[in-house]
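What follows is the content of final-v2.cif (mmCIF, C-alpha atoms; chains and numbers go by the auth columns).
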data_data
loop_
_atom_site.group_PDB
_atom_site.id
_atom_site.type_symbol
_atom_site.label_atom_id
_atom_site.label_comp_id
_atom_site.label_asym_id
_atom_site.label_seq_id
_atom_site.Cartn_x
_atom_site.Cartn_y
_atom_site.Cartn_z
_atom_site.B_iso_or_equiv
_atom_site.auth_seq_id
_atom_site.auth_asym_id
ATOM 1 C CA PHE A 1 2.136 -20.686 -32.444 0.00 30 I
ATOM 2 C CA ILE A 2 -1.361 -21.119 -33.853 0.00 31 I
ATOM 3 C CA ALA A 3 -2.914 -22.731 -36.918 0.00 32 I
ATOM 4 C CA MET A 4 -5.573 -21.328 -39.250 0.00 33 I
ATOM 5 C CA HIS A 5 -6.942 -24.109 -41.413 0.00 34 I
ATOM 6 C CA PHE A 6 -8.873 -22.790 -44.429 0.00 35 I
ATOM 7 C CA PHE A 7 -11.125 -25.017 -46.532 0.00 36 I
ATOM 8 C CA ASN A 8 -11.141 -25.397 -50.289 0.00 37 I
ATOM 9 C CA PRO A 9 -12.288 -23.408 -52.220 0.00 38 I
ATOM 10 C CA VAL A 10 -11.171 -20.624 -49.868 0.00 39 I
ATOM 11 C CA ARG A 11 -13.263 -17.959 -51.613 0.00 40 I
ATOM 12 C CA SER A 12 -16.577 -19.623 -50.838 0.00 41 I
ATOM 13 C CA MET A 13 -15.982 -21.903 -47.834 0.00 42 I
ATOM 14 C CA LYS A 14 -16.856 -20.101 -44.601 0.00 43 I
ATOM 15 C CA LEU A 15 -15.183 -22.342 -42.035 0.00 44 I
ATOM 16 C CA ILE A 16 -11.722 -21.783 -40.554 0.00 45 I
ATOM 17 C CA GLU A 17 -10.429 -24.162 -37.885 0.00 46 I
ATOM 18 C CA ILE A 18 -8.277 -22.342 -35.305 0.00 47 I
ATOM 19 C CA GLY A 19 -5.811 -24.953 -34.053 0.00 48 I
ATOM 20 C CA VAL A 20 -4.420 -24.254 -30.601 0.00 49 I
ATOM 21 C CA ALA A 21 -1.807 -26.085 -28.533 0.00 50 I
ATOM 22 C CA ASP A 22 -1.398 -26.120 -24.766 0.00 51 I
ATOM 23 C CA PHE A 23 1.227 -23.382 -25.062 0.00 52 I
ATOM 24 C CA THR A 24 -0.781 -21.112 -27.401 0.00 53 I
ATOM 25 C CA SER A 25 -1.368 -17.747 -25.755 0.00 54 I
ATOM 26 C CA GLN A 26 -4.821 -16.273 -25.307 0.00 55 I
ATOM 27 C CA GLU A 27 -3.626 -13.221 -27.239 0.00 56 I
ATOM 28 C CA ALA A 28 -2.666 -15.331 -30.269 0.00 57 I
ATOM 29 C CA LYS A 29 -6.026 -17.127 -30.164 0.00 58 I
ATOM 30 C CA GLU A 30 -7.964 -13.867 -30.002 0.00 59 I
ATOM 31 C CA LYS A 31 -5.987 -12.380 -32.906 0.00 60 I
ATOM 32 C CA ALA A 32 -6.641 -15.449 -35.077 0.00 61 I
ATOM 33 C CA ILE A 33 -10.345 -15.372 -34.257 0.00 62 I
ATOM 34 C CA GLY A 34 -10.463 -11.632 -34.993 0.00 63 I
ATOM 35 C CA LEU A 35 -8.745 -12.124 -38.347 0.00 64 I
ATOM 36 C CA THR A 36 -11.174 -14.919 -39.223 0.00 65 I
ATOM 37 C CA LEU A 37 -14.170 -12.703 -38.463 0.00 66 I
ATOM 38 C CA ALA A 38 -12.622 -9.785 -40.385 0.00 67 I
ATOM 39 C CA LEU A 39 -12.403 -12.096 -43.401 0.00 68 I
ATOM 40 C CA GLY A 40 -16.138 -12.746 -43.097 0.00 69 I
ATOM 41 C CA LYS A 41 -15.612 -16.360 -42.065 0.00 70 I
ATOM 42 C CA ILE A 42 -16.587 -18.531 -39.114 0.00 71 I
ATOM 43 C CA PRO A 43 -13.927 -19.651 -36.595 0.00 72 I
ATOM 44 C CA ILE A 44 -14.061 -22.896 -34.653 0.00 73 I
ATOM 45 C CA VAL A 45 -11.320 -23.418 -32.059 0.00 74 I
ATOM 46 C CA VAL A 46 -9.934 -26.974 -32.086 0.00 75 I
ATOM 47 C CA LYS A 47 -7.244 -28.712 -30.062 0.00 76 I
ATOM 48 C CA ASP A 48 -4.006 -29.374 -31.925 0.00 77 I
ATOM 49 C CA SER A 49 -4.094 -33.024 -33.030 0.00 78 I
ATOM 50 C CA PRO A 50 -3.754 -35.050 -36.253 0.00 79 I
ATOM 51 C CA GLY A 51 -6.288 -33.775 -38.796 0.00 80 I
ATOM 52 C CA PHE A 52 -7.738 -31.267 -36.327 0.00 81 I
ATOM 53 C CA LEU A 53 -11.508 -31.921 -36.483 0.00 82 I
ATOM 54 C CA VAL A 54 -13.073 -32.037 -39.949 0.00 83 I
ATOM 55 C CA ASN A 55 -10.283 -33.887 -41.783 0.00 84 I
ATOM 56 C CA ARG A 56 -10.040 -36.434 -38.998 0.00 85 I
ATOM 57 C CA ILE A 57 -13.756 -37.209 -39.226 0.00 86 I
ATOM 58 C CA VAL A 58 -14.038 -37.152 -43.012 0.00 87 I
ATOM 59 C CA SER A 59 -11.012 -39.454 -43.431 0.00 88 I
ATOM 60 C CA ARG A 60 -13.195 -42.327 -42.183 0.00 89 I
ATOM 61 C CA TYR A 61 -15.752 -41.528 -44.886 0.00 90 I
ATOM 62 C CA MET A 62 -13.216 -41.329 -47.704 0.00 91 I
ATOM 63 C CA THR A 63 -11.277 -44.464 -46.776 0.00 92 I
ATOM 64 C CA GLU A 64 -14.415 -46.572 -46.454 0.00 93 I
ATOM 65 C CA ALA A 65 -15.530 -45.422 -49.906 0.00 94 I
ATOM 66 C CA VAL A 66 -12.235 -46.605 -51.432 0.00 95 I
ATOM 67 C CA ILE A 67 -12.385 -49.896 -49.509 0.00 96 I
ATOM 68 C CA LEU A 68 -15.882 -50.452 -50.929 0.00 97 I
ATOM 69 C CA ILE A 69 -14.458 -50.074 -54.453 0.00 98 I
ATOM 70 C CA THR A 70 -11.919 -52.826 -53.875 0.00 99 I
ATOM 71 C CA GLU A 71 -14.720 -55.060 -52.593 0.00 100 I
ATOM 72 C CA GLY A 72 -16.451 -54.672 -55.945 0.00 101 I
ATOM 73 C CA ALA A 73 -19.019 -51.979 -55.158 0.00 102 I
ATOM 74 C CA PRO A 74 -19.626 -49.755 -58.205 0.00 103 I
ATOM 75 C CA ILE A 75 -18.198 -46.242 -57.936 0.00 104 I
ATOM 76 C CA GLU A 76 -21.489 -44.672 -58.955 0.00 105 I
ATOM 77 C CA SER A 77 -23.392 -46.650 -56.274 0.00 106 I
ATOM 78 C CA ILE A 78 -21.023 -45.414 -53.566 0.00 107 I
ATOM 79 C CA ASP A 79 -21.393 -41.750 -54.504 0.00 108 I
ATOM 80 C CA GLU A 80 -25.144 -42.085 -55.045 0.00 109 I
ATOM 81 C CA ALA A 81 -25.639 -43.603 -51.576 0.00 110 I
ATOM 82 C CA ALA A 82 -23.905 -40.616 -49.946 0.00 111 I
ATOM 83 C CA GLU A 83 -25.718 -38.122 -52.157 0.00 112 I
ATOM 84 C CA ASP A 84 -29.052 -39.721 -51.247 0.00 113 I
ATOM 85 C CA PHE A 85 -28.160 -39.122 -47.596 0.00 114 I
ATOM 86 C CA GLY A 86 -27.600 -35.460 -48.486 0.00 115 I
ATOM 87 C CA MET A 87 -23.813 -35.111 -48.524 0.00 116 I
ATOM 88 C CA ALA A 88 -22.725 -31.984 -50.383 0.00 117 I
ATOM 89 C CA ILE A 89 -19.943 -29.387 -50.564 0.00 118 I
ATOM 90 C CA ASP A 90 -19.425 -25.744 -51.509 0.00 119 I
ATOM 91 C CA SER A 91 -22.829 -24.071 -51.220 0.00 120 I
ATOM 92 C CA GLY A 92 -24.859 -27.247 -51.415 0.00 121 I
ATOM 93 C CA GLN A 93 -23.367 -28.941 -54.480 0.00 122 I
ATOM 94 C CA VAL A 94 -24.348 -32.610 -54.063 0.00 123 I
ATOM 95 C CA MET A 95 -21.198 -34.718 -53.861 0.00 124 I
ATOM 96 C CA GLY A 96 -20.374 -38.252 -52.722 0.00 125 I
ATOM 97 C CA PRO A 97 -17.022 -39.309 -51.200 0.00 126 I
ATOM 98 C CA LEU A 98 -15.259 -40.231 -54.443 0.00 127 I
ATOM 99 C CA LYS A 99 -16.259 -36.992 -56.129 0.00 128 I
ATOM 100 C CA LEU A 100 -15.058 -35.262 -52.961 0.00 129 I
ATOM 101 C CA ILE A 101 -11.650 -36.946 -53.254 0.00 130 I
ATOM 102 C CA ASP A 102 -11.419 -35.744 -56.876 0.00 131 I
ATOM 103 C CA TYR A 103 -12.504 -32.268 -55.765 0.00 132 I
ATOM 104 C CA ILE A 104 -9.875 -31.816 -53.081 0.00 133 I
ATOM 105 C CA GLY A 105 -7.232 -33.624 -55.138 0.00 134 I
ATOM 106 C CA THR A 106 -6.394 -37.325 -55.018 0.00 135 I
ATOM 107 C CA GLU A 107 -2.798 -36.715 -53.964 0.00 136 I
ATOM 108 C CA THR A 108 -3.974 -34.491 -51.099 0.00 137 I
ATOM 109 C CA ALA A 109 -6.490 -37.126 -49.965 0.00 138 I
ATOM 110 C CA VAL A 110 -3.924 -39.928 -50.117 0.00 139 I
ATOM 111 C CA HIS A 111 -1.439 -37.862 -48.098 0.00 140 I
ATOM 112 C CA ALA A 112 -4.093 -37.006 -45.510 0.00 141 I
ATOM 113 C CA VAL A 113 -5.144 -40.627 -45.040 0.00 142 I
ATOM 114 C CA HIS A 114 -1.538 -41.800 -44.666 0.00 143 I
ATOM 115 C CA SER A 115 -0.842 -39.086 -42.086 0.00 144 I
ATOM 116 C CA LEU A 116 -3.971 -39.958 -40.083 0.00 145 I
ATOM 117 C CA ALA A 117 -3.286 -43.715 -40.027 0.00 146 I
ATOM 118 C CA LYS A 118 -1.364 -43.033 -36.798 0.00 147 I
ATOM 119 C CA LEU A 119 -4.730 -42.705 -35.042 0.00 148 I
ATOM 120 C CA GLY A 120 -5.151 -46.472 -35.179 0.00 149 I
ATOM 121 C CA PRO A 121 -6.696 -49.335 -37.199 0.00 150 I
ATOM 122 C CA ARG A 122 -10.011 -47.540 -37.685 0.00 151 I
ATOM 123 C CA ILE A 123 -8.293 -45.290 -40.265 0.00 152 I
ATOM 124 C CA SER A 124 -6.848 -48.007 -42.483 0.00 153 I
ATOM 125 C CA VAL A 125 -5.077 -46.993 -45.682 0.00 154 I
ATOM 126 C CA PRO A 126 -6.994 -48.626 -48.579 0.00 155 I
ATOM 127 C CA ILE A 127 -4.873 -50.787 -50.876 0.00 156 I
ATOM 128 C CA LEU A 128 -5.641 -48.446 -53.789 0.00 157 I
ATOM 129 C CA PHE A 129 -4.040 -45.616 -51.797 0.00 158 I
ATOM 130 C CA GLN A 130 -0.922 -47.725 -51.202 0.00 159 I
ATOM 131 C CA ILE A 131 0.068 -47.575 -54.881 0.00 160 I
ATOM 132 C CA ALA A 132 3.138 -45.365 -55.264 0.00 161 I
ATOM 133 C CA ASN A 133 2.197 -41.945 -56.652 0.00 162 I
ATOM 134 C CA PHE A 134 -1.496 -42.835 -56.991 0.00 163 I
ATOM 135 C CA LYS A 135 -3.184 -39.742 -58.407 0.00 164 I
ATOM 136 C CA GLN A 136 -6.029 -40.935 -60.634 0.00 165 I
ATOM 137 C CA ASN A 137 -9.437 -39.273 -60.439 0.00 166 I
ATOM 138 C CA PHE A 138 -12.445 -41.523 -59.986 0.00 167 I
ATOM 139 C CA TRP A 139 -14.561 -39.390 -62.307 0.00 168 I
ATOM 140 C CA LYS A 140 -13.565 -37.697 -65.551 0.00 169 I
ATOM 141 C CA ASP A 141 -15.772 -35.234 -67.439 0.00 170 I
ATOM 142 C CA GLY A 142 -18.820 -36.411 -65.516 0.00 171 I
ATOM 143 C CA LYS A 143 -18.198 -40.087 -66.309 0.00 172 I
ATOM 144 C CA LEU A 144 -16.318 -42.888 -64.590 0.00 173 I
ATOM 145 C CA ASN A 145 -12.600 -42.687 -65.333 0.00 174 I
ATOM 146 C CA PRO A 146 -11.772 -45.651 -67.620 0.00 175 I
ATOM 147 C CA GLU A 147 -8.071 -45.417 -66.712 0.00 176 I
ATOM 148 C CA LEU A 148 -8.871 -46.654 -63.210 0.00 177 I
ATOM 149 C CA ASN A 149 -10.512 -49.868 -64.312 0.00 178 I
ATOM 150 C CA GLU A 150 -7.321 -51.882 -64.666 0.00 179 I
ATOM 151 C CA ALA A 151 -5.924 -50.878 -61.273 0.00 180 I
ATOM 152 C CA ILE A 152 -9.242 -51.676 -59.602 0.00 181 I
ATOM 153 C CA LYS A 153 -9.417 -55.096 -61.302 0.00 182 I
ATOM 154 C CA VAL A 154 -5.906 -55.997 -60.177 0.00 183 I
ATOM 155 C CA LEU A 155 -6.367 -54.887 -56.571 0.00 184 I
ATOM 156 C CA SER A 156 -9.985 -55.903 -56.008 0.00 185 I
ATOM 157 C CA THR A 157 -11.073 -58.792 -53.842 0.00 186 I
ATOM 158 C CA PRO A 158 -14.733 -58.956 -54.928 0.00 187 I
ATOM 159 C CA LYS A 159 -17.285 -59.845 -52.263 0.00 188 I
ATOM 160 C CA LYS A 160 -21.050 -59.967 -52.235 0.00 189 I
ATOM 161 C CA ARG A 161 -22.115 -56.463 -53.204 0.00 190 I
ATOM 162 C CA PRO A 162 -23.692 -54.570 -50.309 0.00 191 I
ATOM 163 C CA ASN A 163 -27.075 -52.975 -50.902 0.00 192 I
ATOM 164 C CA ARG A 164 -27.650 -49.216 -50.934 0.00 193 I
ATOM 165 C CA ILE A 165 -28.558 -49.056 -47.224 0.00 194 I
ATOM 166 C CA GLU A 166 -25.416 -50.919 -46.158 0.00 195 I
ATOM 167 C CA ILE A 167 -23.194 -48.755 -48.380 0.00 196 I
ATOM 168 C CA GLN A 168 -24.735 -45.624 -46.894 0.00 197 I
ATOM 169 C CA ASP A 169 -24.309 -46.885 -43.327 0.00 198 I
ATOM 170 C CA ARG A 170 -20.691 -47.898 -43.952 0.00 199 I
ATOM 171 C CA LEU A 171 -19.961 -44.381 -45.208 0.00 200 I
ATOM 172 C CA ILE A 172 -21.864 -42.329 -42.636 0.00 201 I
ATOM 173 C CA LEU A 173 -21.640 -44.259 -39.360 0.00 202 I
ATOM 174 C CA PRO A 174 -17.821 -44.193 -39.131 0.00 203 I
ATOM 175 C CA MET A 175 -18.077 -40.385 -39.281 0.00 204 I
ATOM 176 C CA ILE A 176 -20.508 -40.509 -36.374 0.00 205 I
ATOM 177 C CA ASP A 177 -18.114 -42.698 -34.405 0.00 206 I
ATOM 178 C CA GLU A 178 -15.169 -40.374 -35.130 0.00 207 I
ATOM 179 C CA SER A 179 -17.247 -37.349 -34.140 0.00 208 I
ATOM 180 C CA PHE A 180 -17.823 -38.935 -30.733 0.00 209 I
ATOM 181 C CA ARG A 181 -14.127 -39.829 -30.479 0.00 210 I
ATOM 182 C CA CYS A 182 -13.348 -36.150 -31.023 0.00 211 I
ATOM 183 C CA LEU A 183 -15.602 -35.377 -28.061 0.00 212 I
ATOM 184 C CA GLU A 184 -13.747 -37.995 -26.007 0.00 213 I
ATOM 185 C CA ASP A 185 -10.434 -36.344 -26.930 0.00 214 I
ATOM 186 C CA ASN A 186 -11.720 -32.810 -26.164 0.00 215 I
ATOM 187 C CA ILE A 187 -10.916 -31.607 -29.687 0.00 216 I
ATOM 188 C CA VAL A 188 -13.700 -29.029 -29.271 0.00 217 I
ATOM 189 C CA SER A 189 -15.374 -27.633 -26.168 0.00 218 I
ATOM 190 C CA ASP A 190 -18.979 -28.333 -27.202 0.00 219 I
ATOM 191 C CA PRO A 191 -20.724 -30.938 -29.441 0.00 220 I
ATOM 192 C CA LYS A 192 -22.467 -28.144 -31.375 0.00 221 I
ATOM 193 C CA PHE A 193 -19.095 -27.121 -32.835 0.00 222 I
ATOM 194 C CA ILE A 194 -18.732 -30.569 -34.420 0.00 223 I
ATOM 195 C CA ASP A 195 -22.145 -30.238 -36.041 0.00 224 I
ATOM 196 C CA LEU A 196 -21.358 -26.748 -37.331 0.00 225 I
ATOM 197 C CA ALA A 197 -17.877 -27.674 -38.580 0.00 226 I
ATOM 198 C CA MET A 198 -19.092 -30.743 -40.460 0.00 227 I
ATOM 199 C CA ILE A 199 -21.928 -28.825 -42.113 0.00 228 I
ATOM 200 C CA LEU A 200 -19.710 -25.915 -43.144 0.00 229 I
ATOM 201 C CA GLY A 201 -16.493 -27.796 -43.848 0.00 230 I
ATOM 202 C CA VAL A 202 -17.521 -30.967 -45.644 0.00 231 I
ATOM 203 C CA GLY A 203 -21.197 -30.669 -46.507 0.00 232 I
ATOM 204 C CA PHE A 204 -22.794 -32.919 -43.897 0.00 233 I
ATOM 205 C CA PRO A 205 -26.479 -32.264 -44.638 0.00 234 I
ATOM 206 C CA ALA A 206 -27.690 -29.260 -42.673 0.00 235 I
ATOM 207 C CA PHE A 207 -31.247 -30.603 -42.636 0.00 236 I
ATOM 208 C CA ARG A 208 -29.953 -33.505 -40.501 0.00 237 I
ATOM 209 C CA GLY A 209 -28.446 -31.057 -37.999 0.00 238 I
ATOM 210 C CA GLY A 210 -24.890 -32.392 -38.088 0.00 239 I
ATOM 211 C CA PRO A 211 -23.461 -35.768 -36.985 0.00 240 I
ATOM 212 C CA ILE A 212 -24.059 -35.382 -33.233 0.00 241 I
ATOM 213 C CA THR A 213 -27.619 -34.083 -33.600 0.00 242 I
ATOM 214 C CA TRP A 214 -28.440 -36.766 -36.179 0.00 243 I
ATOM 215 C CA ALA A 215 -27.024 -39.526 -33.956 0.00 244 I
ATOM 216 C CA ASN A 216 -29.207 -38.382 -31.058 0.00 245 I
ATOM 217 C CA GLU A 217 -32.269 -38.336 -33.296 0.00 246 I
ATOM 218 C CA ILE A 218 -31.614 -41.754 -34.861 0.00 247 I
ATOM 219 C CA GLY A 219 -30.633 -43.262 -31.527 0.00 248 I
ATOM 220 C CA ILE A 220 -27.085 -43.763 -30.256 0.00 249 I
ATOM 221 C CA SER A 221 -27.787 -47.354 -29.204 0.00 250 I
ATOM 222 C CA LYS A 222 -29.076 -48.162 -32.705 0.00 251 I
ATOM 223 C CA ILE A 223 -25.933 -46.687 -34.284 0.00 252 I
ATOM 224 C CA THR A 224 -23.733 -48.610 -31.835 0.00 253 I
ATOM 225 C CA GLU A 225 -25.462 -51.889 -32.674 0.00 254 I
ATOM 226 C CA ARG A 226 -25.029 -51.282 -36.394 0.00 255 I
ATOM 227 C CA LEU A 227 -21.322 -50.508 -35.952 0.00 256 I
ATOM 228 C CA GLU A 228 -20.902 -53.661 -33.862 0.00 257 I
ATOM 229 C CA SER A 229 -22.484 -55.729 -36.632 0.00 258 I
ATOM 230 C CA PHE A 230 -20.074 -54.196 -39.161 0.00 259 I
ATOM 231 C CA LYS A 231 -17.170 -54.914 -36.803 0.00 260 I
ATOM 232 C CA ASP A 232 -18.127 -58.600 -36.735 0.00 261 I
ATOM 233 C CA LYS A 233 -18.444 -58.653 -40.503 0.00 262 I
ATOM 234 C CA TYR A 234 -15.660 -56.330 -41.710 0.00 263 I
ATOM 235 C CA GLY A 235 -13.202 -55.877 -38.861 0.00 264 I
ATOM 236 C CA GLN A 236 -11.836 -53.708 -36.087 0.00 265 I
ATOM 237 C CA ARG A 237 -12.170 -50.363 -37.895 0.00 266 I
ATOM 238 C CA PHE A 238 -15.895 -50.344 -37.099 0.00 267 I
ATOM 239 C CA GLU A 239 -15.535 -50.780 -33.343 0.00 268 I
ATOM 240 C CA PRO A 240 -17.715 -48.096 -31.687 0.00 269 I
ATOM 241 C CA CYS A 241 -15.959 -45.786 -29.239 0.00 270 I
ATOM 242 C CA LYS A 242 -16.533 -45.832 -25.500 0.00 271 I
ATOM 243 C CA LEU A 243 -18.699 -42.687 -25.567 0.00 272 I
ATOM 244 C CA LEU A 244 -21.107 -44.352 -28.002 0.00 273 I
ATOM 245 C CA ARG A 245 -21.195 -47.620 -26.099 0.00 274 I
ATOM 246 C CA GLU A 246 -21.886 -46.000 -22.726 0.00 275 I
ATOM 247 C CA ASN A 247 -24.465 -43.368 -23.659 0.00 276 I
ATOM 248 C CA THR A 248 -27.952 -43.186 -25.115 0.00 277 I
ATOM 249 C CA LYS A 249 -27.896 -39.415 -25.619 0.00 278 I
ATOM 250 C CA ILE A 250 -25.259 -36.634 -25.676 0.00 279 I
#

Before anything else, please render the file you have as structure tokens.
Amino acid sequence: FIAMHFFNPVRSMKLIEIGVADFTSQEAKEKAIGLTLALGKIPIVVKDSPGFLVNRIVSRYMTEAVILITEGAPIESIDEAAEDFGMAIDSGQVMGPLKLIDYIGTETAVHAVHSLAKLGPRISVPILFQIANFKQNFWKDGKLNPELNEAIKVLSTPKKRPNRIEIQDRLILPMIDESFRCLEDNIVSDPKFIDLAMILGVGFPAFRGGPITWANEIGISKITERLESFKDKYGQRFEPCKLLRENTKI
């Protein structure tokens, strides 16, 4: 058995994750890689695990965006903070996390987050995603979806609104942490595959080199300290992984 995980839209997205288990034969792996290359796409071999690689990492980004909404942060401010960082999708189309959820389909995103909650408290299911059959888009015809307002009002627990820098850090740094957790769990054989997969699969800005390269440039200790401060303020989901805490460079 082997998995070939295509990305949406299949026509234009180049990445295919090749999911292999301990019992997957070398022959099956080589055939899947060959098929991927014949399709003109780029294969990255990942260990079989919940969410494989890209979805596991990006789930932290999407859930934090929805949590920010229920804390009273404006939808447009959340997407703008990510877009300012350079997040994009599908050939460089600038796109924040809530537009991304609309793009891949709200029901798909909700299902993915629920299925990945088994990884632990760092992937917490936002209260908005706990509504039965939640399927509303955050944006509609380029404007905020007015049909969401009532649900957000009912479920929100408004707090002091974070500034743009804090919103951006709360969106991006959990992805950095999860990238390092994927290294801990040997999901891929080399850190460069995480960088490549995140650039190709979910639009992590190429000019930043990918999450691992960016973390090394910014400073792993600085990122760890920022995550620790968020843990004290917002809870266990921000706890930095062991690999971050024990290293200054990967």

Practice prompt. Check what the PyMOL selection byres ((chain I and resi 180-192) around 9) selects in the file above and give those residues as a ChimeraX atom specification.
Written response: /I:97-103,156-157,176-179,193-197

Discussion item. What's around Asn84 of chain I at 12 Å? Count all atoms listed in the file, leave out sequence neighbours fewer than 6 positions away in its own chain, and write the answer as a PyMOL selection string.
Written reply: chain I and resi 34-36+46+75+78+90-92+130+133+137-138+140-142+144-145+152+204+207-208+211+223+226-227+230-231

Worksheet item: Pick from I:Leu44, I:Val123, I:Leu173, I:Ile86: nearest to Leu212 of chain I, with only C-alpha atoms counted?
Response: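 Under the stated criterion, the closest residue is I:Ile86.
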
Item to complete: Excluding Gly264 of chain I and residues on its chain fewer than 5 positions from it, collect all residues at most 10 Å away from it, counting all atoms listed in the file, and give them as a list in words.
Response: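 Surrounding residues, per the criterion: Pro150, Arg151, Glu257, Ser258 and Phe259 of chain I.
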
Discussion item. I need the output of the PyMOL selection byres ((chain I and resi 40) around 12) for this file as a ChimeraX atom specification; which residues are they?
Written reply: /I:35-39,41-45,68-70,119-120

Preceding selection exported with C-alpha atoms as an mmCIF file, in the coordinates of the input:
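Saved the output as selection-v2.cif:
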data_model
loop_
_atom_site.group_PDB
_atom_site.id
_atom_site.type_symbol
_atom_site.label_atom_id
_atom_site.label_comp_id
_atom_site.auth_asym_id
_atom_site.auth_seq_id
_atom_site.Cartn_x
_atom_site.Cartn_y
_atom_site.Cartn_z
ATOM 1 C CA PHE I 35 -8.873 -22.790 -44.429
ATOM 2 C CA PHE I 36 -11.125 -25.017 -46.532
ATOM 3 C CA ASN I 37 -11.141 -25.397 -50.289
ATOM 4 C CA PRO I 38 -12.288 -23.408 -52.220
ATOM 5 C CA VAL I 39 -11.171 -20.624 -49.868
ATOM 6 C CA SER I 41 -16.577 -19.623 -50.838
ATOM 7 C CA MET I 42 -15.982 -21.903 -47.834
ATOM 8 C CA LYS I 43 -16.856 -20.101 -44.601
ATOM 9 C CA LEU I 44 -15.183 -22.342 -42.035
ATOM 10 C CA ILE I 45 -11.722 -21.783 -40.554
ATOM 11 C CA LEU I 68 -12.403 -12.096 -43.401
ATOM 12 C CA GLY I 69 -16.138 -12.746 -43.097
ATOM 13 C CA LYS I 70 -15.612 -16.360 -42.065
ATOM 14 C CA ASP I 119 -19.425 -25.744 -51.509
ATOM 15 C CA SER I 120 -22.829 -24.071 -51.220
#

Worksheet entry | From I:Phe114, I:Val95, I:Ile104, I:Ala32, residue lying nearest Gly232 of chain I [all atoms listed in the file] |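 Among the listed residues, I:Phe114 lies closest to Gly232 of chain I.
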
Item to complete: Give me, please, the distance in Å between atom CA of Pro269 of chain I and atom CA of Asp51 of chain I, quoted to one decimal.
Response: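 Taking atom CA of Pro269 of chain I and atom CA of Asp51 of chain I, their separation equals 28.2 Å.
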
Fill in: Pairwise distance for atom CA of Pro240 of chain I and atom CA of Lys58 of chain I, rounded to one decimal in Å
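Taking atom CA of Pro240 of chain I as the start and atom CA of Lys58 of chain I as the end point, the length is 26.4 Å.
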
Spatial neighbours of Val217 of chain I, 7 Å, only C-alpha atoms, chain gap at least 2 places, as an mmCIF file with C-alpha atoms, in the coordinates of the input:
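Saved file part_38.cif follows:
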data_model
loop_
_atom_site.group_PDB
_atom_site.id
_atom_site.type_symbol
_atom_site.label_atom_id
_atom_site.label_comp_id
_atom_site.auth_asym_id
_atom_site.auth_seq_id
_atom_site.Cartn_x
_atom_site.Cartn_y
_atom_site.Cartn_z
ATOM 1 C CA VAL I 74 -11.320 -23.418 -32.059
ATOM 2 C CA VAL I 75 -9.934 -26.974 -32.086
ATOM 3 C CA LYS I 76 -7.244 -28.712 -30.062
ATOM 4 C CA LEU I 212 -15.602 -35.377 -28.061
ATOM 5 C CA ASN I 215 -11.720 -32.810 -26.164
ATOM 6 C CA ASP I 219 -18.979 -28.333 -27.202
ATOM 7 C CA PHE I 222 -19.095 -27.121 -32.835
#

Do you know which residues are at most 8 Å from Ala61 of chain I counting only C-alpha atoms, after dropping those on the same chain fewer than 5 positions away, and could you put them as a PDB file with C-alpha atoms, in the frame of the given file?
ATOM      1  CA  ILE I  31      -1.361 -21.119 -33.853  1.00  0.00           C
ATOM      2  CA  MET I  33      -5.573 -21.328 -39.250  1.00  0.00           C
ATOM      3  CA  ILE I  47      -8.277 -22.342 -35.305  1.00  0.00           C
TER       4      ILE I  47
END

Enclose all atoms of segment 68-73 of chain I listed in the file in an axis-aligned box, grow every side by 8 Å, and hand back centre and edge lengths in Å to one decimal, as lines of an AutoDock Vina configuration file.
center_x = -14.5
center_y = -17.5
center_z = -39.0
size_x = 20.2
size_y = 26.8
size_z = 24.7

Can you sort out segment 67-73 of chain I so it carries N, CA, C and O atoms, written as a compact mmCIF listing (two decimals), in the coordinates of the input?
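Generated output (part_2.txt):
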# COMPACT_ATOMS: atom_id res chain seq x y z
N ALA I 67 -12.86 -10.90 -39.46
CA ALA I 67 -12.62 -9.78 -40.38
C ALA I 67 -12.67 -10.25 -41.84
O ALA I 67 -13.03 -9.48 -42.73
N LEU I 68 -12.33 -11.51 -42.06
CA LEU I 68 -12.40 -12.10 -43.40
C LEU I 68 -13.82 -12.53 -43.77
O LEU I 68 -14.06 -13.03 -44.87
N GLY I 69 -14.75 -12.35 -42.84
CA GLY I 69 -16.14 -12.75 -43.10
C GLY I 69 -16.36 -14.24 -42.99
O GLY I 69 -17.30 -14.78 -43.57
N LYS I 70 -15.50 -14.91 -42.19
CA LYS I 70 -15.61 -16.36 -42.06
C LYS I 70 -15.92 -16.75 -40.63
O LYS I 70 -16.01 -15.90 -39.74
N ILE I 71 -16.13 -18.03 -40.41
CA ILE I 71 -16.59 -18.53 -39.11
C ILE I 71 -15.48 -19.35 -38.46
O ILE I 71 -15.04 -20.37 -39.01
N PRO I 72 -15.00 -18.92 -37.28
CA PRO I 72 -13.93 -19.65 -36.60
C PRO I 72 -14.47 -20.73 -35.67
O PRO I 72 -15.48 -20.55 -35.00
N ILE I 73 -13.79 -21.87 -35.66
CA ILE I 73 -14.06 -22.90 -34.65
C ILE I 73 -12.71 -23.28 -34.05
O ILE I 73 -11.80 -23.69 -34.78
